[in-house]
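Listing of run-v8.cif; format and content: mmCIF, C-alpha atoms and all ligand atoms.
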data_coords
#
loop_
_atom_site.group_PDB
_atom_site.id
_atom_site.type_symbol
_atom_site.label_atom_id
_atom_site.label_comp_id
_atom_site.auth_asym_id
_atom_site.auth_seq_id
_atom_site.Cartn_x
_atom_site.Cartn_y
_atom_site.Cartn_z
ATOM 1 C CA MET L 977 55.126 114.192 82.679
ATOM 2 C CA GLY L 978 54.300 116.410 85.712
ATOM 3 C CA SER L 979 56.419 119.327 86.742
ATOM 4 C CA GLN L 980 60.176 118.994 86.783
ATOM 5 C CA ILE L 981 62.009 120.933 89.447
ATOM 6 C CA PHE L 982 65.702 121.648 89.369
ATOM 7 C CA LEU L 983 67.135 120.768 92.778
ATOM 8 C CA ASP L 984 70.814 120.466 93.695
ATOM 9 C CA GLY L 985 72.108 119.596 90.255
ATOM 10 C CA ALA L 986 69.318 117.371 88.942
ATOM 11 C CA PHE L 987 65.747 117.587 87.663
ATOM 12 C CA VAL L 988 63.306 115.810 89.948
ATOM 13 C CA SER L 989 59.533 115.412 90.075
ATOM 14 C CA ARG L 990 57.441 117.699 92.255
ATOM 15 C CA ASP L 991 56.963 114.881 94.798
ATOM 16 C CA ASP L 992 60.705 114.283 95.018
ATOM 17 C CA ALA L 993 61.597 117.978 95.347
ATOM 18 C CA LYS L 994 62.307 117.954 99.087
ATOM 19 C CA VAL L 995 64.868 119.749 101.210
ATOM 20 C CA SER L 996 66.307 119.021 104.645
ATOM 21 C CA VAL L 997 64.736 120.487 107.790
ATOM 22 C CA PHE L 998 68.309 121.560 108.637
ATOM 23 C CA ASP L 999 68.482 123.867 105.635
ATOM 24 C CA HIS L 1000 69.279 127.379 106.919
ATOM 25 C CA GLY L 1001 66.969 128.851 104.298
ATOM 26 C CA LEU L 1002 64.108 127.112 106.102
ATOM 27 C CA LEU L 1003 65.430 127.544 109.654
ATOM 28 C CA TYR L 1004 66.434 131.204 109.353
ATOM 29 C CA GLY L 1005 65.477 132.611 105.959
ATOM 30 C CA ASP L 1006 69.198 132.491 105.222
ATOM 31 C CA GLY L 1007 69.154 132.627 101.458
ATOM 32 C CA ILE L 1008 68.112 134.647 98.446
ATOM 33 C CA PHE L 1009 65.694 134.333 95.567
ATOM 34 C CA GLU L 1010 64.433 135.738 92.300
ATOM 35 C CA GLY L 1011 60.967 135.721 90.753
ATOM 36 C CA ILE L 1012 61.237 135.738 86.972
ATOM 37 C CA ARG L 1013 58.698 135.488 84.147
ATOM 38 C CA SER L 1014 58.804 134.181 80.624
ATOM 39 C CA TYR L 1015 56.397 135.283 77.912
ATOM 40 C CA ASP L 1016 55.999 133.235 74.748
ATOM 41 C CA GLY L 1017 59.508 131.799 75.047
ATOM 42 C CA ASN L 1018 61.189 135.050 76.091
ATOM 43 C CA VAL L 1019 62.520 135.206 79.652
ATOM 44 C CA PHE L 1020 61.970 138.869 80.432
ATOM 45 C CA ARG L 1021 65.179 140.634 81.468
ATOM 46 C CA LEU L 1022 66.706 137.363 82.674
ATOM 47 C CA GLN L 1023 70.181 138.889 82.675
ATOM 48 C CA GLN L 1024 69.078 141.573 85.134
ATOM 49 C CA HIS L 1025 67.465 138.977 87.428
ATOM 50 C CA ILE L 1026 70.600 136.818 87.394
ATOM 51 C CA ARG L 1027 72.749 139.846 88.119
ATOM 52 C CA ARG L 1028 70.546 140.885 91.050
ATOM 53 C CA LEU L 1029 70.699 137.310 92.398
ATOM 54 C CA TYR L 1030 74.492 137.280 92.278
ATOM 55 C CA ASP L 1031 74.640 140.737 93.844
ATOM 56 C CA SER L 1032 72.405 139.498 96.687
ATOM 57 C CA ALA L 1033 74.654 136.438 97.068
ATOM 58 C CA LYS L 1034 77.784 138.562 97.190
ATOM 59 C CA SER L 1035 76.253 140.832 99.791
ATOM 60 C CA ILE L 1036 75.420 137.963 102.164
ATOM 61 C CA ALA L 1037 78.694 136.131 101.380
ATOM 62 C CA LEU L 1038 76.914 133.165 99.819
ATOM 63 C CA GLU L 1039 78.801 131.272 97.165
ATOM 64 C CA ILE L 1040 76.578 130.062 94.323
ATOM 65 C CA PRO L 1041 78.012 126.860 92.797
ATOM 66 C CA TYR L 1042 77.275 127.982 89.211
ATOM 67 C CA THR L 1043 78.471 130.769 86.988
ATOM 68 C CA GLN L 1044 75.945 133.380 85.887
ATOM 69 C CA GLU L 1045 75.964 131.809 82.410
ATOM 70 C CA GLU L 1046 75.271 128.358 83.834
ATOM 71 C CA MET L 1047 72.449 129.740 85.977
ATOM 72 C CA THR L 1048 70.940 131.467 82.932
ATOM 73 C CA ASP L 1049 70.978 128.130 81.084
ATOM 74 C CA LEU L 1050 69.460 126.311 84.064
ATOM 75 C CA VAL L 1051 66.503 128.706 84.133
ATOM 76 C CA CYS L 1052 65.922 128.171 80.397
ATOM 77 C CA GLU L 1053 66.361 124.417 80.753
ATOM 78 C CA THR L 1054 63.761 124.312 83.552
ATOM 79 C CA LEU L 1055 61.258 125.984 81.233
ATOM 80 C CA ARG L 1056 62.109 123.638 78.372
ATOM 81 C CA ARG L 1057 61.793 120.524 80.559
ATOM 82 C CA ASN L 1058 58.363 121.676 81.685
ATOM 83 C CA GLU L 1059 57.357 122.631 78.132
ATOM 84 C CA LEU L 1060 56.418 126.064 79.395
ATOM 85 C CA SER L 1061 56.889 129.104 77.189
ATOM 86 C CA SER L 1062 54.949 131.457 79.492
ATOM 87 C CA ALA L 1063 55.528 130.888 83.181
ATOM 88 C CA TYR L 1064 56.589 132.278 86.518
ATOM 89 C CA ILE L 1065 59.984 131.019 87.628
ATOM 90 C CA ARG L 1066 61.137 130.880 91.235
ATOM 91 C CA LEU L 1067 64.898 130.625 91.602
ATOM 92 C CA VAL L 1068 66.074 130.052 95.175
ATOM 93 C CA VAL L 1069 69.543 129.744 96.668
ATOM 94 C CA THR L 1070 69.768 128.834 100.362
ATOM 95 C CA ARG L 1071 72.821 128.670 102.594
ATOM 96 C CA GLY L 1072 72.232 124.885 102.574
ATOM 97 C CA SER L 1073 72.076 122.389 105.403
ATOM 98 C CA GLY L 1074 73.871 123.102 108.656
ATOM 99 C CA ASP L 1075 73.075 122.554 112.301
ATOM 100 C CA LEU L 1076 70.656 124.375 114.602
ATOM 101 C CA GLY L 1077 73.135 127.154 115.324
ATOM 102 C CA LEU L 1078 73.041 130.467 113.509
ATOM 103 C CA SER L 1079 76.567 130.250 112.223
ATOM 104 C CA PRO L 1080 76.713 129.976 108.447
ATOM 105 C CA THR L 1081 80.130 128.337 108.750
ATOM 106 C CA ASN L 1082 78.347 125.085 109.644
ATOM 107 C CA CYS L 1083 76.565 125.046 106.286
ATOM 108 C CA HIS L 1084 78.437 123.118 103.658
ATOM 109 C CA GLY L 1085 77.379 124.272 100.246
ATOM 110 C CA ALA L 1086 74.531 126.371 98.905
ATOM 111 C CA ARG L 1087 71.324 124.674 97.807
ATOM 112 C CA VAL L 1088 69.819 125.785 94.501
ATOM 113 C CA PHE L 1089 66.325 125.064 93.238
ATOM 114 C CA ILE L 1090 64.268 126.342 90.341
ATOM 115 C CA ILE L 1091 60.498 125.965 89.983
ATOM 116 C CA ALA L 1092 58.555 126.976 86.859
ATOM 117 C CA GLU L 1093 54.780 127.192 87.037
ATOM 118 C CA GLN L 1094 51.794 129.026 85.668
ATOM 119 C CA LEU L 1095 50.933 131.830 88.100
ATOM 120 C CA ALA L 1096 48.587 134.814 88.084
ATOM 121 C CA MET L 1097 48.739 136.932 91.211
ATOM 122 C CA PHE L 1098 45.262 138.411 90.817
ATOM 123 C CA SER L 1099 42.184 137.342 88.844
ATOM 124 C CA ALA L 1100 41.733 138.659 85.291
ATOM 125 C CA ALA L 1101 38.796 140.738 86.570
ATOM 126 C CA LEU L 1102 40.983 142.533 89.110
ATOM 127 C CA TYR L 1103 43.599 143.416 86.454
ATOM 128 C CA GLU L 1104 40.750 144.812 84.370
ATOM 129 C CA GLN L 1105 38.935 146.721 87.133
ATOM 130 C CA GLY L 1106 41.822 147.546 89.458
ATOM 131 C CA ILE L 1107 42.356 146.565 93.068
ATOM 132 C CA HIS L 1108 41.565 148.049 96.451
ATOM 133 C CA ALA L 1109 44.498 148.715 98.758
ATOM 134 C CA VAL L 1110 45.015 149.795 102.359
ATOM 135 C CA THR L 1111 48.000 151.326 104.093
ATOM 136 C CA ALA L 1112 49.646 148.740 106.334
ATOM 137 C CA ALA L 1113 50.316 149.580 109.993
ATOM 138 C CA THR L 1114 53.415 147.365 109.812
ATOM 139 C CA ARG L 1115 56.311 149.389 108.453
ATOM 140 C CA ARG L 1116 58.930 148.121 106.014
ATOM 141 C CA ASN L 1117 62.093 146.667 107.570
ATOM 142 C CA ARG L 1118 64.618 149.420 108.066
ATOM 143 C CA SER L 1119 67.278 149.583 105.355
ATOM 144 C CA ASP L 1120 70.013 149.760 107.985
ATOM 145 C CA SER L 1121 68.845 146.417 109.395
ATOM 146 C CA LEU L 1122 68.234 144.528 106.163
ATOM 147 C CA ASN L 1123 69.224 146.273 102.962
ATOM 148 C CA PRO L 1124 66.325 146.095 100.493
ATOM 149 C CA LYS L 1125 68.786 145.508 97.662
ATOM 150 C CA ILE L 1126 69.268 142.016 99.086
ATOM 151 C CA LYS L 1127 66.389 139.909 97.817
ATOM 152 C CA SER L 1128 66.552 137.587 100.806
ATOM 153 C CA LEU L 1129 64.278 134.755 101.911
ATOM 154 C CA ASN L 1130 63.280 136.885 104.925
ATOM 155 C CA TYR L 1131 59.761 137.739 103.767
ATOM 156 C CA LEU L 1132 57.918 137.728 107.094
ATOM 157 C CA ASN L 1133 57.663 141.539 107.024
ATOM 158 C CA ASN L 1134 56.048 141.303 103.591
ATOM 159 C CA ILE L 1135 53.717 138.488 104.660
ATOM 160 C CA LEU L 1136 52.506 140.391 107.740
ATOM 161 C CA ILE L 1137 51.783 143.337 105.461
ATOM 162 C CA LYS L 1138 49.898 141.177 102.947
ATOM 163 C CA MET L 1139 47.845 139.744 105.857
ATOM 164 C CA GLU L 1140 46.838 143.262 106.864
ATOM 165 C CA ALA L 1141 45.540 143.858 103.354
ATOM 166 C CA LEU L 1142 43.559 140.631 103.253
ATOM 167 C CA ASN L 1143 42.191 141.157 106.780
ATOM 168 C CA ALA L 1144 40.901 144.564 105.666
ATOM 169 C CA GLY L 1145 39.171 143.008 102.654
ATOM 170 C CA ALA L 1146 41.674 144.599 100.249
ATOM 171 C CA SER L 1147 43.978 142.910 97.733
ATOM 172 C CA GLU L 1148 47.172 144.764 98.539
ATOM 173 C CA ALA L 1149 48.788 147.024 101.077
ATOM 174 C CA ILE L 1150 50.788 150.203 100.660
ATOM 175 C CA VAL L 1151 53.880 150.104 102.843
ATOM 176 C CA LEU L 1152 55.490 153.031 104.635
ATOM 177 C CA ASN L 1153 59.035 153.170 105.947
ATOM 178 C CA SER L 1154 59.801 154.065 109.544
ATOM 179 C CA GLU L 1155 59.822 157.790 108.621
ATOM 180 C CA GLY L 1156 56.329 157.545 107.148
ATOM 181 C CA TYR L 1157 57.250 157.797 103.463
ATOM 182 C CA VAL L 1158 55.546 155.503 100.988
ATOM 183 C CA VAL L 1159 57.933 152.742 99.943
ATOM 184 C CA GLU L 1160 56.162 150.066 97.905
ATOM 185 C CA GLY L 1161 53.522 147.331 98.140
ATOM 186 C CA SER L 1162 53.871 144.027 99.999
ATOM 187 C CA GLY L 1163 55.860 142.586 97.090
ATOM 188 C CA GLU L 1164 55.589 145.224 94.359
ATOM 189 C CA ASN L 1165 56.874 148.698 93.623
ATOM 190 C CA ILE L 1166 54.446 151.622 93.486
ATOM 191 C CA PHE L 1167 53.884 154.484 91.048
ATOM 192 C CA VAL L 1168 51.548 157.447 91.460
ATOM 193 C CA VAL L 1169 50.473 159.651 88.557
ATOM 194 C CA ARG L 1170 49.401 163.269 88.968
ATOM 195 C CA ASP L 1171 48.940 165.784 86.161
ATOM 196 C CA GLY L 1172 50.669 163.396 83.753
ATOM 197 C CA VAL L 1173 53.817 163.044 85.874
ATOM 198 C CA LEU L 1174 54.789 159.631 87.265
ATOM 199 C CA THR L 1175 56.499 159.363 90.638
ATOM 200 C CA THR L 1176 57.965 156.292 92.306
ATOM 201 C CA PRO L 1177 59.786 156.285 95.661
ATOM 202 C CA PRO L 1178 63.582 156.262 95.433
ATOM 203 C CA ALA L 1179 65.021 152.849 96.316
ATOM 204 C CA TYR L 1180 66.960 154.299 99.273
ATOM 205 C CA LEU L 1181 63.706 154.752 101.188
ATOM 206 C CA GLY L 1182 63.575 150.976 101.540
ATOM 207 C CA ALA L 1183 62.089 149.653 98.283
ATOM 208 C CA LEU L 1184 63.488 146.826 96.229
ATOM 209 C CA GLU L 1185 65.011 148.051 92.976
ATOM 210 C CA GLY L 1186 62.407 146.199 90.954
ATOM 211 C CA ILE L 1187 63.140 145.057 87.434
ATOM 212 C CA THR L 1188 59.548 145.801 86.405
ATOM 213 C CA ARG L 1189 59.889 149.237 88.052
ATOM 214 C CA GLN L 1190 62.977 149.935 85.947
ATOM 215 C CA ALA L 1191 61.219 148.770 82.775
ATOM 216 C CA VAL L 1192 58.253 151.056 83.549
ATOM 217 C CA ILE L 1193 60.565 154.031 84.185
ATOM 218 C CA GLU L 1194 62.150 153.452 80.763
ATOM 219 C CA LEU L 1195 58.851 152.857 78.939
ATOM 220 C CA ALA L 1196 57.177 155.908 80.465
ATOM 221 C CA GLY L 1197 60.170 158.015 79.397
ATOM 222 C CA GLU L 1198 59.948 156.656 75.848
ATOM 223 C CA LEU L 1199 56.228 157.466 75.805
ATOM 224 C CA GLY L 1200 57.125 161.055 76.681
ATOM 225 C CA TYR L 1201 56.093 161.158 80.337
ATOM 226 C CA VAL L 1202 58.156 162.784 83.066
ATOM 227 C CA VAL L 1203 59.154 160.170 85.660
ATOM 228 C CA LYS L 1204 60.421 161.261 89.072
ATOM 229 C CA GLN L 1205 62.030 159.205 91.811
ATOM 230 C CA GLU L 1206 61.110 161.293 94.829
ATOM 231 C CA PRO L 1207 59.812 160.646 98.343
ATOM 232 C CA PHE L 1208 56.063 161.079 98.820
ATOM 233 C CA THR L 1209 53.481 160.419 101.526
ATOM 234 C CA GLN L 1210 50.080 158.779 101.956
ATOM 235 C CA HIS L 1211 48.449 162.115 101.132
ATOM 236 C CA ASP L 1212 50.059 162.096 97.669
ATOM 237 C CA VAL L 1213 48.660 158.614 97.090
ATOM 238 C CA TYR L 1214 45.128 159.714 98.060
ATOM 239 C CA VAL L 1215 45.148 162.719 95.721
ATOM 240 C CA ALA L 1216 46.830 160.955 92.779
ATOM 241 C CA ASP L 1217 44.994 160.676 89.454
ATOM 242 C CA GLU L 1218 46.274 157.116 89.052
ATOM 243 C CA VAL L 1219 48.127 154.585 91.188
ATOM 244 C CA PHE L 1220 49.594 151.279 90.033
ATOM 245 C CA LEU L 1221 51.845 148.552 91.380
ATOM 246 C CA THR L 1222 54.591 146.754 89.460
ATOM 247 C CA GLY L 1223 56.362 143.458 89.985
ATOM 248 C CA THR L 1224 57.308 140.278 88.201
ATOM 249 C CA ALA L 1225 54.541 138.243 89.807
ATOM 250 C CA ALA L 1226 51.957 141.062 89.882
ATOM 251 C CA GLU L 1227 53.043 142.598 86.537
ATOM 252 C CA ILE L 1228 51.225 145.968 86.313
ATOM 253 C CA VAL L 1229 48.107 146.230 88.443
ATOM 254 C CA PRO L 1230 45.962 149.374 88.753
ATOM 255 C CA VAL L 1231 44.931 150.505 92.242
ATOM 256 C CA ILE L 1232 41.489 152.140 92.339
ATOM 257 C CA SER L 1233 41.155 152.871 96.037
ATOM 258 C CA VAL L 1234 43.483 153.303 98.992
ATOM 259 C CA ASP L 1235 42.109 153.358 102.557
ATOM 260 C CA ARG L 1236 38.643 153.847 101.002
ATOM 261 C CA ARG L 1237 39.700 157.003 99.150
ATOM 262 C CA THR L 1238 38.788 156.592 95.487
ATOM 263 C CA ILE L 1239 41.795 157.121 93.228
ATOM 264 C CA GLY L 1240 40.963 159.353 90.250
ATOM 265 C CA ASN L 1241 37.575 158.335 88.904
ATOM 266 C CA GLY L 1242 37.721 154.876 90.471
ATOM 267 C CA ALA L 1243 38.781 153.051 87.312
ATOM 268 C CA PRO L 1244 42.227 152.201 85.878
ATOM 269 C CA GLY L 1245 43.694 155.401 84.419
ATOM 270 C CA SER L 1246 44.699 156.078 80.818
ATOM 271 C CA ILE L 1247 48.430 156.407 81.563
ATOM 272 C CA THR L 1248 48.425 153.135 83.507
ATOM 273 C CA LYS L 1249 46.717 151.487 80.526
ATOM 274 C CA ARG L 1250 49.193 152.931 78.013
ATOM 275 C CA ILE L 1251 52.152 151.778 80.054
ATOM 276 C CA HIS L 1252 50.606 148.362 80.546
ATOM 277 C CA GLU L 1253 50.058 148.077 76.811
ATOM 278 C CA ALA L 1254 53.690 148.994 76.079
ATOM 279 C CA PHE L 1255 54.835 146.573 78.791
ATOM 280 C CA THR L 1256 52.972 143.638 77.194
ATOM 281 C CA GLN L 1257 54.992 144.312 74.022
ATOM 282 C CA ILE L 1258 58.488 144.426 75.512
ATOM 283 C CA VAL L 1259 58.076 141.376 77.765
ATOM 284 C CA ARG L 1260 57.975 139.252 74.635
ATOM 285 C CA THR L 1261 61.142 140.645 73.094
ATOM 286 C CA ASP L 1262 63.412 142.092 75.801
ATOM 287 C CA GLY L 1263 65.254 139.191 77.408
ATOM 288 C CA VAL L 1264 66.659 135.745 76.743
ATOM 289 C CA ARG L 1265 64.950 133.267 74.393
ATOM 290 C CA ILE L 1266 64.605 129.754 75.767
HETATM 291 N N1 LIG K 1 59.381 144.894 96.038
HETATM 292 C C1 LIG K 1 59.414 143.717 96.676
HETATM 293 C C2 LIG K 1 59.515 143.705 98.165
HETATM 294 C C3 LIG K 1 59.361 142.523 95.954
HETATM 295 O O1 LIG K 1 59.391 141.338 96.584
HETATM 296 C C4 LIG K 1 59.239 142.573 94.537
HETATM 297 C C5 LIG K 1 59.122 141.305 93.743
HETATM 298 N N2 LIG K 1 60.338 140.728 93.438
HETATM 299 C C6 LIG K 1 59.217 143.829 93.919
HETATM 300 C C7 LIG K 1 59.293 144.974 94.704
HETATM 301 C C8 LIG K 1 59.149 143.948 92.431
HETATM 302 O O2 LIG K 1 60.387 143.612 91.848
HETATM 303 P P1 LIG K 1 60.508 142.995 90.401
HETATM 304 O O3 LIG K 1 59.832 143.932 89.468
HETATM 305 O O4 LIG K 1 61.956 142.887 90.152
HETATM 306 O O5 LIG K 1 59.827 141.667 90.447
#

As a first step, turn the structure in this file into structure tokens.
Amino acid sequence: MGSQIFLDGAFVSRDDAKVSVFDHGLLYGDGIFEGIRSYDGNVFRLQQHIRRLYDSAKSIALEIPYTQEEMTDLVCETLRRNELSSAYIRLVVTRGSGDLGLSPTNCHGARVFIIAEQLAMFSAALYEQGIHAVTAATRRNRSDSLNPKIKSLNYLNNILIKMEALNAGASEAIVLNSEGYVVEGSGENIFVVRDGVLTTPPAYLGALEGITRQAVIELAGELGYVVKQEPFTQHDVYVADEVFLTGTAAEIVPVISVDRRTIGNGAPGSITKRIHEAFTQIVRTDGVRI
């Protein structure tokens, strides 16, 4: 059957899933997106993803031509059409086609597409052993220029940061904000663990309010750990007992070195493993069934 992509109101084949070169999402990154995952027929926290999408849309004054309920159904229908019960889903809304000018008033109608595919961000071995990370020289976009709560199509900052990691022979990069506080990874949130206490940077420093991050905060609390949302620096990363990254695409990935400083004993830590274990349980139950 091949993959079926939802594009502008219809399901089309991968080869037919094409958009105009005049789409402002392509020309200017003028649009928003969500990355979502389903696990054994359960779309993990789909309601939260849809809500964040509509919040992003509201913030950039982009009118989505579907209700939140309709969009929820479209995500589930895309999975059903592709006979996928476990998949990564990319939901994109662009400002649509306009002319070469910046003005969004020349765009007539948002464009919506939904892709569902199998995707693993890192190899199974890396999830098992943990990844090496470096601190990126490129800082995160300032929140007063582009609010991190808007999950926009402007990902060049993130891509430049990911390139720094790969150029250094690492898998991921730790990102600082313009004040030098740790914010997140290229496309993941970050947690450090020290003496049994988990700390993640507060969203106001410039991090996305990740849905996986929120799930981990809740799970860690239920497991009896103290979780803090406080600013911290590179130094706190180096001296942490454990470091891990969270995100829909990345899921939970242990970090075993940062800038060639070994984290803890150089292997994924016990708290990271416990939280990962608990996470693999809830992703199959907490959400919307397709
Ligand atoms: N930060 C950034 C910059 C991201 O792109 C993502 C991935 N969406 C995350 C954090 C993690 O967010 P979530 O857990 O909602 O996928």

Contacts of ligand LIG 1 (chain K), 6 Å or closer, all atoms listed in the file, given as a tab-separated table (two decimals) with C-alpha atoms, in the coordinates of the input:
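out05.tsv, freshly written:
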chain	number	residue	atom	x	y	z
L	1011	GLY	CA	60.97	135.72	90.75
L	1162	SER	CA	53.87	144.03	100.00
L	1163	GLY	CA	55.86	142.59	97.09
L	1164	GLU	CA	55.59	145.22	94.36
L	1165	ASN	CA	56.87	148.70	93.62
L	1183	ALA	CA	62.09	149.65	98.28
L	1184	LEU	CA	63.49	146.83	96.23
L	1186	GLY	CA	62.41	146.20	90.95
L	1187	ILE	CA	63.14	145.06	87.43
L	1188	THR	CA	59.55	145.80	86.40
L	1189	ARG	CA	59.89	149.24	88.05
L	1222	THR	CA	54.59	146.75	89.46
L	1223	GLY	CA	56.36	143.46	89.98
L	1224	THR	CA	57.31	140.28	88.20

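Using only C-alpha atoms, the protein and nucleic acid residues lying no more than 9 Å from segment 1100-1106 of chain L, apart from those fewer than 2 places from it along its own chain, are Ala1096, Phe1098, His1108, Phe1220, Ile1228, Val1229, Pro1230, Val1231, Ile1232, Ser1233, Gly1242, Ala1243 and Pro1244 of chain L.
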
Go ahead and write the residues just picked, C-alpha atoms, as a PDB file, keeping the file's coordinate frame.
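For reference, out.pdb as written:
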ATOM      1  CA  ALA L1096      48.587 134.814  88.084  1.00  0.00           C
ATOM      2  CA  PHE L1098      45.262 138.411  90.817  1.00  0.00           C
ATOM      3  CA  HIS L1108      41.565 148.049  96.451  1.00  0.00           C
ATOM      4  CA  PHE L1220      49.594 151.279  90.033  1.00  0.00           C
ATOM      5  CA  ILE L1228      51.225 145.968  86.313  1.00  0.00           C
ATOM      6  CA  VAL L1229      48.107 146.230  88.443  1.00  0.00           C
ATOM      7  CA  PRO L1230      45.962 149.374  88.753  1.00  0.00           C
ATOM      8  CA  VAL L1231      44.931 150.505  92.242  1.00  0.00           C
ATOM      9  CA  ILE L1232      41.489 152.140  92.339  1.00  0.00           C
ATOM     10  CA  SER L1233      41.155 152.871  96.037  1.00  0.00           C
ATOM     11  CA  GLY L1242      37.721 154.876  90.471  1.00  0.00           C
ATOM     12  CA  ALA L1243      38.781 153.051  87.312  1.00  0.00           C
ATOM     13  CA  PRO L1244      42.227 152.201  85.878  1.00  0.00           C
TER      14      PRO L1244
END

Please evaluate the PyMOL selection byres (((chain L and resi 1035-1048) around 10) and not hetatm) against the displayed coordinates and give the resulting residues as a PDB file with C-alpha atoms, keeping the file's coordinate frame.
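To be explicit, this is the file written out as selection.pdb:
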ATOM      1  CA  ASP L 984      70.814 120.466  93.695  1.00  0.00           C
ATOM      2  CA  GLY L 985      72.108 119.596  90.255  1.00  0.00           C
ATOM      3  CA  ASP L1006      69.198 132.491 105.222  1.00  0.00           C
ATOM      4  CA  GLY L1007      69.154 132.627 101.458  1.00  0.00           C
ATOM      5  CA  ILE L1008      68.112 134.647  98.446  1.00  0.00           C
ATOM      6  CA  VAL L1019      62.520 135.206  79.652  1.00  0.00           C
ATOM      7  CA  LEU L1022      66.706 137.363  82.674  1.00  0.00           C
ATOM      8  CA  GLN L1023      70.181 138.889  82.675  1.00  0.00           C
ATOM      9  CA  HIS L1025      67.465 138.977  87.428  1.00  0.00           C
ATOM     10  CA  ILE L1026      70.600 136.818  87.394  1.00  0.00           C
ATOM     11  CA  ARG L1027      72.749 139.846  88.119  1.00  0.00           C
ATOM     12  CA  LEU L1029      70.699 137.310  92.398  1.00  0.00           C
ATOM     13  CA  TYR L1030      74.492 137.280  92.278  1.00  0.00           C
ATOM     14  CA  ASP L1031      74.640 140.737  93.844  1.00  0.00           C
ATOM     15  CA  SER L1032      72.405 139.498  96.687  1.00  0.00           C
ATOM     16  CA  ALA L1033      74.654 136.438  97.068  1.00  0.00           C
ATOM     17  CA  LYS L1034      77.784 138.562  97.190  1.00  0.00           C
ATOM     18  CA  ASP L1049      70.978 128.130  81.084  1.00  0.00           C
ATOM     19  CA  LEU L1050      69.460 126.311  84.064  1.00  0.00           C
ATOM     20  CA  VAL L1051      66.503 128.706  84.133  1.00  0.00           C
ATOM     21  CA  CYS L1052      65.922 128.171  80.397  1.00  0.00           C
ATOM     22  CA  GLU L1053      66.361 124.417  80.753  1.00  0.00           C
ATOM     23  CA  LEU L1067      64.898 130.625  91.602  1.00  0.00           C
ATOM     24  CA  VAL L1069      69.543 129.744  96.668  1.00  0.00           C
ATOM     25  CA  THR L1070      69.768 128.834 100.362  1.00  0.00           C
ATOM     26  CA  ARG L1071      72.821 128.670 102.594  1.00  0.00           C
ATOM     27  CA  GLY L1072      72.232 124.885 102.574  1.00  0.00           C
ATOM     28  CA  PRO L1080      76.713 129.976 108.447  1.00  0.00           C
ATOM     29  CA  GLY L1085      77.379 124.272 100.246  1.00  0.00           C
ATOM     30  CA  ALA L1086      74.531 126.371  98.905  1.00  0.00           C
ATOM     31  CA  ARG L1087      71.324 124.674  97.807  1.00  0.00           C
ATOM     32  CA  VAL L1088      69.819 125.785  94.501  1.00  0.00           C
ATOM     33  CA  ILE L1090      64.268 126.342  90.341  1.00  0.00           C
ATOM     34  CA  ASN L1123      69.224 146.273 102.962  1.00  0.00           C
ATOM     35  CA  LYS L1125      68.786 145.508  97.662  1.00  0.00           C
ATOM     36  CA  ILE L1126      69.268 142.016  99.086  1.00  0.00           C
ATOM     37  CA  SER L1128      66.552 137.587 100.806  1.00  0.00           C
ATOM     38  CA  VAL L1264      66.659 135.745  76.743  1.00  0.00           C
ATOM     39  CA  ILE L1266      64.605 129.754  75.767  1.00  0.00           C
TER      40      ILE L1266
END

Using all atoms listed in the file, can you tell me which of L:Arg1066, L:His1000, L:Lys1127, L:Arg1115 comes closest to His1084 of chain L? L:His1000

Mind checking which residues fall within 9 Å of Arg1057 of chain L, counting all atoms listed in the file, ignoring those fewer than 5 positions away in the same chain, and posting them as a PyMOL selection string? chain L and resi 979-981+987+1052

Could the residues in this selection be written to a file with C-alpha atoms, as a short mmCIF file (atom, residue, chain, number, x, y, z; two decimals), keeping the file's coordinate frame?
data_model
loop_
_atom_site.label_atom_id
_atom_site.label_comp_id
_atom_site.auth_asym_id
_atom_site.auth_seq_id
_atom_site.Cartn_x
_atom_site.Cartn_y
_atom_site.Cartn_z
CA SER L 979 56.42 119.33 86.74
CA GLN L 980 60.18 118.99 86.78
CA ILE L 981 62.01 120.93 89.45
CA PHE L 987 65.75 117.59 87.66
CA CYS L 1052 65.92 128.17 80.40
#

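Of the listed residues L:Asp999, L:Asp992, L:Glu1140, L:Asp1212, the one whose atoms come nearest to Arg1170 of chain L is L:Asp1212, with distances taken using all atoms listed in the file.
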
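If you measure from each of L:Arg1028, L:His1252, L:Arg1118, L:Arg1236 to Ala1191 of chain L using all atoms listed in the file, the closest one turns out to be L:His1252.
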
Do you know which residues lie at most 9 Å from (56.8, 157.2, 105.5), with coordinates as in the file and all atoms listed in the file counted, and could you write them as a count of residues only? 15

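Between Ile1012 of chain L and the candidates L:Gly1074, L:Gly1197, L:Pro1124, L:Gly1263, the tightest atom-to-atom separation, counting all atoms listed in the file, involves L:Gly1263.
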
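Near Val1215 of chain L, within 10 Å and counting only C-alpha atoms, sit Val1168, Val1169, Arg1170, Gln1210, His1211, Val1219, Arg1237, Thr1238, Ile1239 and Gly1240 of chain L, not including residues fewer than 4 positions from it in the same chain.
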
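Near segment 1110-1112 of chain L, within a cut-off of 7 Å and counting all atoms listed in the file, sit the residues Ile1137, Glu1140, Ala1141, Ala1146, Glu1148, Ala1149, Ile1150, Val1151, Val1234 and Asp1235 of chain L, with same-chain residues fewer than 6 positions away left out.
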
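Using only C-alpha atoms, the smallest distance between any of L:Gln1257, L:Gln1205, L:Ser1121, L:Ser996 and Asp1016 of chain L comes from L:Gln1257.
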
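Coordinates place atom CA of Cys1083 of chain L at a distance of 11.9 Å from atom CA of Leu1003 of chain L.
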